[in-house]
Amino acid sequence: MANFILKRLVYMFITLLIIATITFFLMKLLPGSPLTNQEKLSPAQQQLILDKYGLNDPLPVQYVNYMTNLFKGDLGLSFQYDNRPVTKMIGERIGPSAYLGFQAVLFGTIVGIVLGILAALKQNSVMDYAATTIAVLGISIPSFVFAGLLQYYLAVKYPIFPVAAWEGFEYTVLPTIALSVFVIATVARYMRSELLEVLSSDYIMLARAKGVSSAAIMVKHALRNALIPIITLLGPLAVNIMTGSLVIERIFGIPGIGEQFVRSIMTNDFTVIMGITLFYSVLFIFIVFIVDILYGVIDPRIRLSGGKK
Amino acid sequence: MNVENPDKKIQLQKDLFQPVDKRASQSEKISRPSLNFWQDAWLRLKGNKGAIVGLILITIITFMAIFGPSMNKYTYKQQNISHAKLPPKIAALENVDWLPFDGKDKDGFDMYEAKNVKEYYWFGTDDLGRDLWTRTWYGTRISIYIGVLAAVIDFLIGIAYGGVSGFYGGRVDNVMQRIIEILMGIPHLIVVILFILVFEPGIFSITMAMVITGWVNMARIVRGQFLKLKTQEFVLASRTLGASGSRLIWKHLMPNVMGPIIVTTMFTIPSAIFTEAFLSFIGLGIRPPEASLGSLVNDGFKSLQMYPHMLIIPSVIISLLILSFNLLADGLRDALDPKMRK
Amino acid sequence: MKKLLDVQNLHVSFDTHAGEVKAVRGVNFHLDKGETLAIVGESGSGKSVTTKALMRLIPNPPGRIKEGKMLFEGRDLVKISEKEMEKLRGKDISMIFQDPMTSLNPTMTVGKQVMEPLIKHQKMNKEAARKRAVELLALVGLPNPEARIKQYPHQFSGGQRQRVVIAIALACNPKILIADEPTTALDVTIQAQILELMKELQKKIETSIIFITHDLGVVANVADRVAVMYGGQIVETGTVDEIFYDPRHPYTWGLLSSMPSLDTDEETELQAIPGTPPDLLNPPKGDAFALRSNYALKIDLEQEPPVYQVSPTHFVKSWLLHPDAPAFEPPVNVQQNLRPMPNNFDKPALFEEVR
């Protein structure tokens, strides 16, 4: 197990180095400069600013500086927001994004599991068809389309919820639902097929042959075995929540990281784009890592065979 | 239990107790027609309602994407500011109350009368007075085109990379796998976004951006299948009979990998359509006056409160499009490779 | 002798989208106290379905018991409620499955799985159940049971897992143990060990065993009586001696002559049974085996044969025993082993009409 973790850590590190390098050079290739939008500045003033940010240094020097700063946890300064440190900007905006993300994953996973169980319990029943339909729709309708329709029908046409802003729980309802449809759909689908597979397995038959009641079989034998693989979904779901947040936060006016990212893309704010890209990558890699470890801890087959798959 | 009951004994004619002259062939007769893999898969697919609905929807949407833009006199970029932001109006349906095709806006105000417009805009117009019917189907065309193109390129790269990696195995495979592992560690959308930031948005750059990360998935599937099949007896048998590498690949391995490959390709199309729409939505997609379903949805958002038709129509079509591809892909997966289910 | 279990005219069907698959079509058999009944037949003959029906473990839908009675100590298992059935399962009737690799829950310790029926049926507390589980595992010959009950199934070998499954099945001293091909998935040496273990345990706890197998060698080793199944019906039953030394049904002949034995010399060819088992979606008219049989009569294609009784314990469902039927010689390698049976009637008597 320790070996496995160590190997994974090395991989994570290499991956991050590569991402940082790619991001850096791609940013250098960008058409437009961060000063494109600031016509007021004279060429001399522009040069002064470029010097100040080290943007006139030869590329290798810039690269080395960038990487060194990165190791110190310094992501540089924003061009657009009065030279504010990117780390600080991310720090300020992490709250709403994290809150929304957790709420959506939690809500989506619970609803998805319940739907999946109901569908599997009575295969080919009305409930099963309903859950399957929800699952296909949830996977097919893009989150921003769903968010748009939610906003139009539940906030504009019938003002049950506020349209957009970040001022309390009622403001989180629509974005949470919009973010979690995909989670619900994925989890429900997976849960249904896992549970059906488990329920038709020999060991469930043996448990029944032992005289264990249906309810006890469900709780003690089937659910545990069906739930374990759901953990592997957390990685892809986290990615989906992250990308979903880019558009959902914009639609519902939530001051999160995603909204900042889209805004920075539109204003060519290099350092912020790089910073958030790296932040997302670290988050993603970290979640995948945690999921692998978690899976190993929970599933005895992997736990005891030393992290082999 | 039944007790012996001799008087109930039926009288049977003696000649019934003659041996039957029979041949072994009779017992070996196969009662069902023999079907090859594809015929069998087609039968299974036909039995899947969802897949058939998906197939029909795809056919209709594709038909409209090809012929829809030329069904009226407007072009996708022709502007007419005086006709801006008109709600949908369709001649035959304008008097049906519950349908939103009467040319009235959300407050029931007839915009066509107010602006003195004689023409009918079937899906209404946008804020520059462009006909949304034409733009919607034109955008659908672009979306499908990007989706299919990305899937085809993924397919080609994925098969080549995964095939080489899986077929040769050993050190080659080892190195190629490490590269894949690292690529898998990078969040796809981030790469796509960075790529588009560098290369100006357009159909080609958007497709390439998706391919850059998309092929990895296909390569993994092909490799996995190759590794699995390679060790199976029928391949070993062919090898011992002296079959060449290319014969092994094309005659034995490929036909058996086709199922999962087709299924994966079918799932790539809707996800590419989605990614394109997503990029358009955050302002990195197709630039006006070109249109894609994603950019139309994005435009629609800007006037959500007053002119919901601009949002709802492209939203419904993109959802239907992705839905129908997913339904068909689901059906294909069940039909071609039941084991891939999950 | 008192019948512990009496199955009468059992019909089990599965509703598939292609139609009703009649997997078991009117099966009659009984089980006496302490005896071992072997049910033999090729795959798809309905032997597994019959025993799963006994435990009411047929998944419904698509499967259902269409008709018939399963009298266990006078109670009809077809009619009792699911709750009552739960009380019987694992206590009075228990079961061992074919593949030990998949029949244990991979995420539950072996100890817990053995303790489950003890806690459920014998109302033991956890501590008592744990003690008993250790005893049981020792009984089935697992070394170091104290330590092993804390382990998970994947830490056991196939043979060890089957021992665990047997321990679970025997936990509450069941009156009937159903063993569904318990040795098929195991190595030959392990097979012998497991068979020995089962015989030994049967003596200790005086249970009756229904043993399903397609391996006639195993049958000769363990069974008192044999029922031969074909196409969802029992075509011949008798004591082991009767089936091996005086078989009457052409299908039994086929089974026996396809089995090599030590006295099979190089000259004798092993006879394969031609063709494939009948399609139970549309069972053939008349005798289901007729199409594959070299001894088929015209009537076999028309009418289902009745059951004839050859001795008090030997029943055959075939037109060949009808007085008008021509006398056929069984295949050579069956003939070599024929012996006169002391209990045989002078001539076969009609036992039962086709219903």
# chains A, B, ... in the order shown; residues from 1 in each chain; ligands from 1
call {"tool": "residues_around", "arguments": {"residues": "range 122-139 of chain C", "least_positions_apart": "5", "cutoff": "9 Å", "atoms": "only C-alpha atoms", "output": "PyMOL selection string"}}
result
chain C and resi 91+111-112+114-117+144-146+148-149+163-164+167-168+170-172+201
call {"tool": "interface_residues", "arguments": {"of": "chain A", "to": "chain B", "cutoff": "9 Å", "atoms": "only C-alpha atoms", "output": "PyMOL selection string"}}
result
chain A and resi 11-12+14-16+18-19+23+26-31+136-137+139-142+144-146+148-149+151-152+156-157+189-190+192-194+239+243+246-247+250-251+262-263+265-266+268+273+277+280-281+284-285+288
call {"tool": "write_last_selection", "arguments": {"atoms": "N, CA and C atoms", "output": "compact mmCIF listing (two decimals), in the first residue's frame"}}
result
# COMPACT_ATOMS: atom_id res chain seq x y z
N TYR A 11 3.78 10.18 -9.66
CA TYR A 11 3.02 10.45 -10.88
C TYR A 11 2.31 11.79 -10.81
N MET A 12 1.69 12.03 -9.67
CA MET A 12 0.96 13.29 -9.50
C MET A 12 1.89 14.46 -9.70
N ILE A 14 4.77 14.61 -11.38
CA ILE A 14 5.17 14.75 -12.78
C ILE A 14 4.02 15.36 -13.60
N THR A 15 2.83 14.86 -13.38
CA THR A 15 1.68 15.38 -14.12
C THR A 15 1.55 16.88 -13.89
N LEU A 16 1.67 17.29 -12.64
CA LEU A 16 1.52 18.72 -12.33
C LEU A 16 2.61 19.55 -13.00
N ILE A 18 4.11 18.88 -15.73
CA ILE A 18 3.80 18.97 -17.15
C ILE A 18 2.67 19.97 -17.40
N ILE A 19 1.66 19.89 -16.56
CA ILE A 19 0.54 20.83 -16.74
C ILE A 19 1.03 22.27 -16.60
N THR A 23 0.80 24.93 -19.56
CA THR A 23 0.03 26.15 -19.34
C THR A 23 0.89 27.38 -19.59
N LEU A 26 1.67 27.81 -23.36
CA LEU A 26 0.45 28.15 -24.12
C LEU A 26 0.10 29.62 -23.89
N MET A 27 0.26 30.04 -22.63
CA MET A 27 -0.06 31.44 -22.33
C MET A 27 0.84 32.39 -23.10
N LYS A 28 2.09 31.95 -23.26
CA LYS A 28 3.03 32.80 -24.00
C LYS A 28 2.67 32.87 -25.48
N LEU A 29 2.00 31.82 -25.95
CA LEU A 29 1.61 31.79 -27.36
C LEU A 29 0.37 32.61 -27.65
N LEU A 30 -0.35 32.98 -26.56
CA LEU A 30 -1.62 33.67 -26.74
C LEU A 30 -1.48 34.87 -27.65
N PRO A 31 -2.47 35.09 -28.52
CA PRO A 31 -2.46 36.32 -29.34
C PRO A 31 -2.58 37.53 -28.41
N VAL A 136 -31.32 9.18 -18.23
CA VAL A 136 -30.92 9.50 -19.61
C VAL A 136 -31.04 11.00 -19.87
N LEU A 137 -32.14 11.58 -19.39
CA LEU A 137 -32.32 13.03 -19.59
C LEU A 137 -31.21 13.80 -18.88
N ILE A 139 -28.24 12.96 -18.19
CA ILE A 139 -26.94 12.86 -18.83
C ILE A 139 -26.95 13.65 -20.14
N SER A 140 -28.13 13.73 -20.77
CA SER A 140 -28.19 14.34 -22.10
C SER A 140 -28.34 15.86 -22.09
N ILE A 141 -29.10 16.39 -21.15
CA ILE A 141 -29.34 17.84 -21.19
C ILE A 141 -28.13 18.56 -20.62
N PRO A 142 -27.47 19.42 -21.40
CA PRO A 142 -26.31 20.14 -20.89
C PRO A 142 -26.70 20.98 -19.67
N PHE A 144 -25.89 23.83 -18.62
CA PHE A 144 -26.25 25.24 -18.77
C PHE A 144 -27.61 25.41 -19.43
N VAL A 145 -27.98 24.44 -20.27
CA VAL A 145 -29.32 24.50 -20.85
C VAL A 145 -30.35 24.28 -19.75
N PHE A 146 -30.07 23.27 -18.93
CA PHE A 146 -30.99 22.98 -17.82
C PHE A 146 -31.09 24.18 -16.89
N GLY A 148 -30.59 27.29 -17.61
CA GLY A 148 -31.33 28.35 -18.28
C GLY A 148 -32.83 28.12 -18.17
N LEU A 149 -33.24 26.87 -18.43
CA LEU A 149 -34.67 26.57 -18.37
C LEU A 149 -35.19 26.71 -16.94
N GLN A 151 -33.98 28.64 -14.63
CA GLN A 151 -34.03 30.05 -14.29
C GLN A 151 -35.25 30.71 -14.92
N TYR A 152 -35.51 30.34 -16.18
CA TYR A 152 -36.63 30.98 -16.85
C TYR A 152 -37.95 30.59 -16.19
N VAL A 156 -38.06 33.45 -13.44
CA VAL A 156 -38.59 34.56 -14.23
C VAL A 156 -40.11 34.43 -14.41
N LYS A 157 -40.52 33.32 -14.98
CA LYS A 157 -41.94 33.16 -15.29
C LYS A 157 -42.76 32.98 -14.00
N ARG A 189 -27.98 5.68 -12.51
CA ARG A 189 -27.73 4.69 -13.55
C ARG A 189 -26.76 3.61 -13.06
N TYR A 190 -25.68 4.08 -12.45
CA TYR A 190 -24.64 3.17 -11.98
C TYR A 190 -25.17 2.30 -10.85
N ARG A 192 -28.21 1.49 -10.18
CA ARG A 192 -29.19 0.52 -10.66
C ARG A 192 -28.48 -0.71 -11.23
N SER A 193 -27.50 -0.48 -12.11
CA SER A 193 -26.91 -1.65 -12.76
C SER A 193 -26.04 -2.42 -11.78
N GLU A 194 -25.35 -1.71 -10.87
CA GLU A 194 -24.54 -2.42 -9.86
C GLU A 194 -25.44 -3.30 -8.99
N VAL A 239 -15.04 16.37 -11.62
CA VAL A 239 -14.69 17.11 -12.83
C VAL A 239 -15.92 17.77 -13.41
N THR A 243 -16.41 21.77 -14.12
CA THR A 243 -16.70 22.40 -15.40
C THR A 243 -18.10 23.01 -15.38
N LEU A 246 -18.30 26.52 -14.04
CA LEU A 246 -17.91 27.64 -14.89
C LEU A 246 -19.15 28.33 -15.44
N VAL A 247 -20.10 27.54 -15.95
CA VAL A 247 -21.27 28.15 -16.57
C VAL A 247 -22.36 28.46 -15.55
N ARG A 250 -21.80 31.58 -13.68
CA ARG A 250 -22.04 32.75 -14.52
C ARG A 250 -23.54 33.02 -14.64
N ILE A 251 -24.30 31.95 -14.88
CA ILE A 251 -25.74 32.12 -15.08
C ILE A 251 -26.40 32.68 -13.83
N VAL A 262 -14.03 32.32 -16.21
CA VAL A 262 -14.64 32.75 -17.47
C VAL A 262 -14.36 34.23 -17.71
N ARG A 263 -14.48 35.04 -16.65
CA ARG A 263 -14.23 36.47 -16.76
C ARG A 263 -12.78 36.73 -17.20
N ILE A 265 -10.83 34.69 -18.84
CA ILE A 265 -10.64 34.26 -20.22
C ILE A 265 -11.03 35.40 -21.16
N MET A 266 -12.12 36.08 -20.80
CA MET A 266 -12.61 37.13 -21.68
C MET A 266 -11.72 38.37 -21.64
N ASN A 268 -8.32 38.21 -21.11
CA ASN A 268 -6.91 37.84 -21.32
C ASN A 268 -6.05 38.02 -20.08
N ILE A 273 -5.72 33.09 -15.38
CA ILE A 273 -6.07 31.86 -16.11
C ILE A 273 -5.13 30.74 -15.71
N THR A 277 -6.20 27.42 -13.71
CA THR A 277 -5.96 26.14 -14.39
C THR A 277 -5.20 25.19 -13.47
N TYR A 280 -7.37 24.03 -10.56
CA TYR A 280 -8.29 22.97 -10.96
C TYR A 280 -7.57 21.64 -11.14
N SER A 281 -6.38 21.71 -11.77
CA SER A 281 -5.64 20.47 -12.02
C SER A 281 -5.26 19.79 -10.71
N PHE A 284 -8.29 18.25 -9.16
CA PHE A 284 -8.71 17.05 -9.88
C PHE A 284 -7.80 15.87 -9.55
N ILE A 285 -6.50 16.10 -9.64
CA ILE A 285 -5.54 15.03 -9.40
C ILE A 285 -5.66 14.53 -7.96
N VAL A 288 -8.83 12.35 -7.55
CA VAL A 288 -8.64 11.02 -8.12
C VAL A 288 -7.79 10.16 -7.18
call {"tool": "interface_residues", "arguments": {"of": "chain C", "to": "chain B", "cutoff": "10 Å", "atoms": "only C-alpha atoms", "output": "JSON, numbers by chain"}}
result
{"C": [6, 8, 28, 274, 275, 276, 277, 278, 279, 289, 290, 291, 292, 293, 294, 295, 296, 297, 298, 299, 300, 301, 302, 308, 309, 319, 320, 322, 323, 324, 325, 326, 328, 349, 350, 351, 352, 353]}
call {"tool": "write_last_selection", "arguments": {"atoms": "N, CA and C atoms", "output": "tab-separated table (two decimals), in the first residue's frame"}}
result
chain	number	residue	atom	x	y	z
C	6	ASP	N	-41.66	-35.04	-0.54
C	6	ASP	CA	-42.37	-35.70	-1.63
C	6	ASP	C	-42.77	-34.64	-2.66
C	8	GLN	N	-44.48	-33.70	-6.12
C	8	GLN	CA	-45.47	-34.28	-7.02
C	8	GLN	C	-45.79	-33.33	-8.17
C	28	ASN	N	-41.76	-35.86	-10.52
C	28	ASN	CA	-42.15	-36.54	-9.29
C	28	ASN	C	-40.93	-37.21	-8.68
C	274	PRO	N	-25.88	-38.16	-29.66
C	274	PRO	CA	-25.92	-37.17	-30.73
C	274	PRO	C	-26.92	-36.06	-30.42
C	275	GLY	N	-26.75	-34.95	-31.12
C	275	GLY	CA	-27.74	-33.88	-31.02
C	275	GLY	C	-27.60	-33.02	-29.77
C	276	THR	N	-28.56	-32.14	-29.59
C	276	THR	CA	-28.54	-31.21	-28.46
C	276	THR	C	-29.82	-31.37	-27.66
C	277	PRO	N	-29.81	-30.94	-26.40
C	277	PRO	CA	-31.01	-31.05	-25.57
C	277	PRO	C	-32.18	-30.31	-26.22
C	278	PRO	N	-33.39	-30.73	-25.91
C	278	PRO	CA	-34.56	-30.13	-26.57
C	278	PRO	C	-34.74	-28.67	-26.19
C	279	ASP	N	-35.35	-27.94	-27.09
C	279	ASP	CA	-35.68	-26.55	-26.86
C	279	ASP	C	-36.92	-26.50	-25.96
C	289	PHE	N	-36.83	-37.30	-25.79
C	289	PHE	CA	-35.52	-37.83	-26.18
C	289	PHE	C	-35.56	-38.52	-27.54
C	290	ALA	N	-36.76	-38.73	-28.06
C	290	ALA	CA	-36.90	-39.54	-29.26
C	290	ALA	C	-36.00	-39.07	-30.40
C	291	LEU	N	-35.95	-37.74	-30.60
C	291	LEU	CA	-35.19	-37.23	-31.75
C	291	LEU	C	-33.71	-37.57	-31.68
C	292	ARG	N	-33.20	-37.81	-30.49
C	292	ARG	CA	-31.78	-38.09	-30.36
C	292	ARG	C	-31.52	-39.58	-30.14
C	293	SER	N	-32.58	-40.32	-30.00
C	293	SER	CA	-32.43	-41.71	-29.61
C	293	SER	C	-32.29	-42.62	-30.83
C	294	ASN	N	-31.45	-43.64	-30.70
C	294	ASN	CA	-31.36	-44.65	-31.74
C	294	ASN	C	-32.43	-45.71	-31.58
C	295	TYR	N	-33.21	-45.62	-30.53
C	295	TYR	CA	-34.20	-46.65	-30.22
C	295	TYR	C	-35.61	-46.09	-30.28
C	296	ALA	N	-35.77	-45.00	-31.03
C	296	ALA	CA	-37.07	-44.34	-31.04
C	296	ALA	C	-38.10	-45.18	-31.79
C	297	LEU	N	-39.32	-45.18	-31.26
C	297	LEU	CA	-40.43	-45.85	-31.91
C	297	LEU	C	-41.32	-44.78	-32.52
C	298	LYS	N	-42.18	-45.21	-33.42
C	298	LYS	CA	-43.08	-44.24	-34.04
C	298	LYS	C	-43.92	-43.52	-32.99
C	299	ILE	N	-44.34	-44.30	-32.01
C	299	ILE	CA	-45.22	-43.70	-31.01
C	299	ILE	C	-44.51	-42.61	-30.19
C	300	ASP	N	-43.18	-42.74	-30.10
C	300	ASP	CA	-42.42	-41.75	-29.35
C	300	ASP	C	-42.60	-40.35	-29.93
C	301	LEU	N	-42.84	-40.29	-31.23
C	301	LEU	CA	-42.99	-38.99	-31.87
C	301	LEU	C	-44.41	-38.45	-31.73
C	302	GLU	N	-45.31	-39.33	-31.25
C	302	GLU	CA	-46.71	-38.94	-31.19
C	302	GLU	C	-47.17	-38.65	-29.77
C	308	TYR	N	-43.32	-46.80	-16.29
C	308	TYR	CA	-43.41	-48.23	-15.98
C	308	TYR	C	-42.57	-48.51	-14.75
C	309	GLN	N	-43.03	-49.51	-13.99
C	309	GLN	CA	-42.30	-49.88	-12.79
C	309	GLN	C	-41.61	-51.21	-13.03
C	319	TRP	N	-41.60	-45.76	-23.78
C	319	TRP	CA	-42.47	-46.70	-24.47
C	319	TRP	C	-41.79	-48.05	-24.67
C	320	LEU	N	-40.47	-48.10	-24.52
C	320	LEU	CA	-39.76	-49.36	-24.77
C	320	LEU	C	-40.20	-50.47	-23.82
C	322	HIS	N	-43.30	-51.01	-22.99
C	322	HIS	CA	-44.64	-51.44	-23.36
C	322	HIS	C	-44.55	-52.87	-23.89
C	323	PRO	N	-45.54	-53.70	-23.55
C	323	PRO	CA	-45.46	-55.11	-23.99
C	323	PRO	C	-45.33	-55.26	-25.50
C	324	ASP	N	-45.87	-54.31	-26.27
C	324	ASP	CA	-45.82	-54.44	-27.72
C	324	ASP	C	-44.50	-53.99	-28.32
C	325	ALA	N	-43.67	-53.32	-27.52
C	325	ALA	CA	-42.44	-52.75	-28.07
C	325	ALA	C	-41.46	-53.85	-28.42
C	326	PRO	N	-40.71	-53.67	-29.49
C	326	PRO	CA	-39.69	-54.66	-29.83
C	326	PRO	C	-38.61	-54.68	-28.76
C	328	PHE	N	-35.10	-54.29	-27.60
C	328	PHE	CA	-33.85	-53.70	-28.07
C	328	PHE	C	-32.71	-54.17	-27.19
C	349	ALA	N	-44.56	-53.19	-15.02
C	349	ALA	CA	-45.97	-52.88	-14.88
C	349	ALA	C	-46.19	-51.40	-15.14
C	350	LEU	N	-47.32	-51.13	-15.78
C	350	LEU	CA	-47.64	-49.71	-16.00
C	350	LEU	C	-47.90	-49.07	-14.66
C	351	PHE	N	-47.21	-47.99	-14.38
C	351	PHE	CA	-47.33	-47.36	-13.07
C	351	PHE	C	-48.23	-46.14	-13.14
C	352	GLU	N	-48.08	-45.39	-14.19
C	352	GLU	CA	-48.76	-44.11	-14.19
C	352	GLU	C	-49.04	-43.68	-15.62
C	353	GLU	N	-50.26	-43.24	-15.85
C	353	GLU	CA	-50.61	-42.71	-17.16
C	353	GLU	C	-50.06	-41.29	-17.27
call {"tool": "residues_around", "arguments": {"residues": "range 242-253 of chain C", "least_positions_apart": "4", "cutoff": "8 Å", "atoms": "only C-alpha atoms", "output": "PyMOL selection string"}}
result
chain C and resi 226+228+230+235-238+257+289+293+295+314+316-318+320+330-331+334+337-341
call {"tool": "interface_residues", "arguments": {"of": "chain C", "to": "chain A", "cutoff": "6 Å", "atoms": "only C-alpha atoms", "output": "list in words"}}
result
Glu86, Arg89, Gly90, Thr102, Ser103, Leu104, Asn105 and Pro117 of chain C
call {"tool": "write_last_selection", "arguments": {"atoms": "N, CA and C atoms", "output": "short mmCIF file (atom, residue, chain, number, x, y, z; two decimals), in the first residue's frame"}}
result
data_model
loop_
_atom_site.label_atom_id
_atom_site.label_comp_id
_atom_site.auth_asym_id
_atom_site.auth_seq_id
_atom_site.Cartn_x
_atom_site.Cartn_y
_atom_site.Cartn_z
N GLU C 86 -38.67 -18.45 4.74
CA GLU C 86 -37.41 -17.93 5.29
C GLU C 86 -37.00 -18.70 6.54
N ARG C 89 -35.54 -22.08 5.30
CA ARG C 89 -34.29 -22.03 4.56
C ARG C 89 -33.11 -21.92 5.51
N GLY C 90 -32.12 -22.72 5.29
CA GLY C 90 -30.92 -22.65 6.11
C GLY C 90 -31.08 -23.39 7.42
N THR C 102 -17.75 -17.72 -6.20
CA THR C 102 -18.70 -16.60 -6.24
C THR C 102 -19.80 -16.72 -5.21
N SER C 103 -19.83 -17.81 -4.44
CA SER C 103 -21.00 -17.93 -3.58
C SER C 103 -20.79 -17.37 -2.17
N LEU C 104 -19.65 -16.74 -1.93
CA LEU C 104 -19.49 -16.05 -0.65
C LEU C 104 -19.43 -14.55 -0.89
N ASN C 105 -20.02 -13.80 0.03
CA ASN C 105 -20.04 -12.34 -0.09
C ASN C 105 -18.62 -11.80 0.08
N PRO C 117 -26.79 -17.60 9.77
CA PRO C 117 -27.93 -18.51 10.00
C PRO C 117 -28.08 -18.90 11.47
#
call {"tool": "atom_distance", "arguments": {"atom1": "CA of Phe25 in chain A", "atom2": "CA of Ile203 in chain B"}}
result
23.4 Å
call {"tool": "atom_distance", "arguments": {"atom1": "CA of Ile90 in chain A", "atom2": "CA of Gly214 in chain B"}}
result
28.8 Å
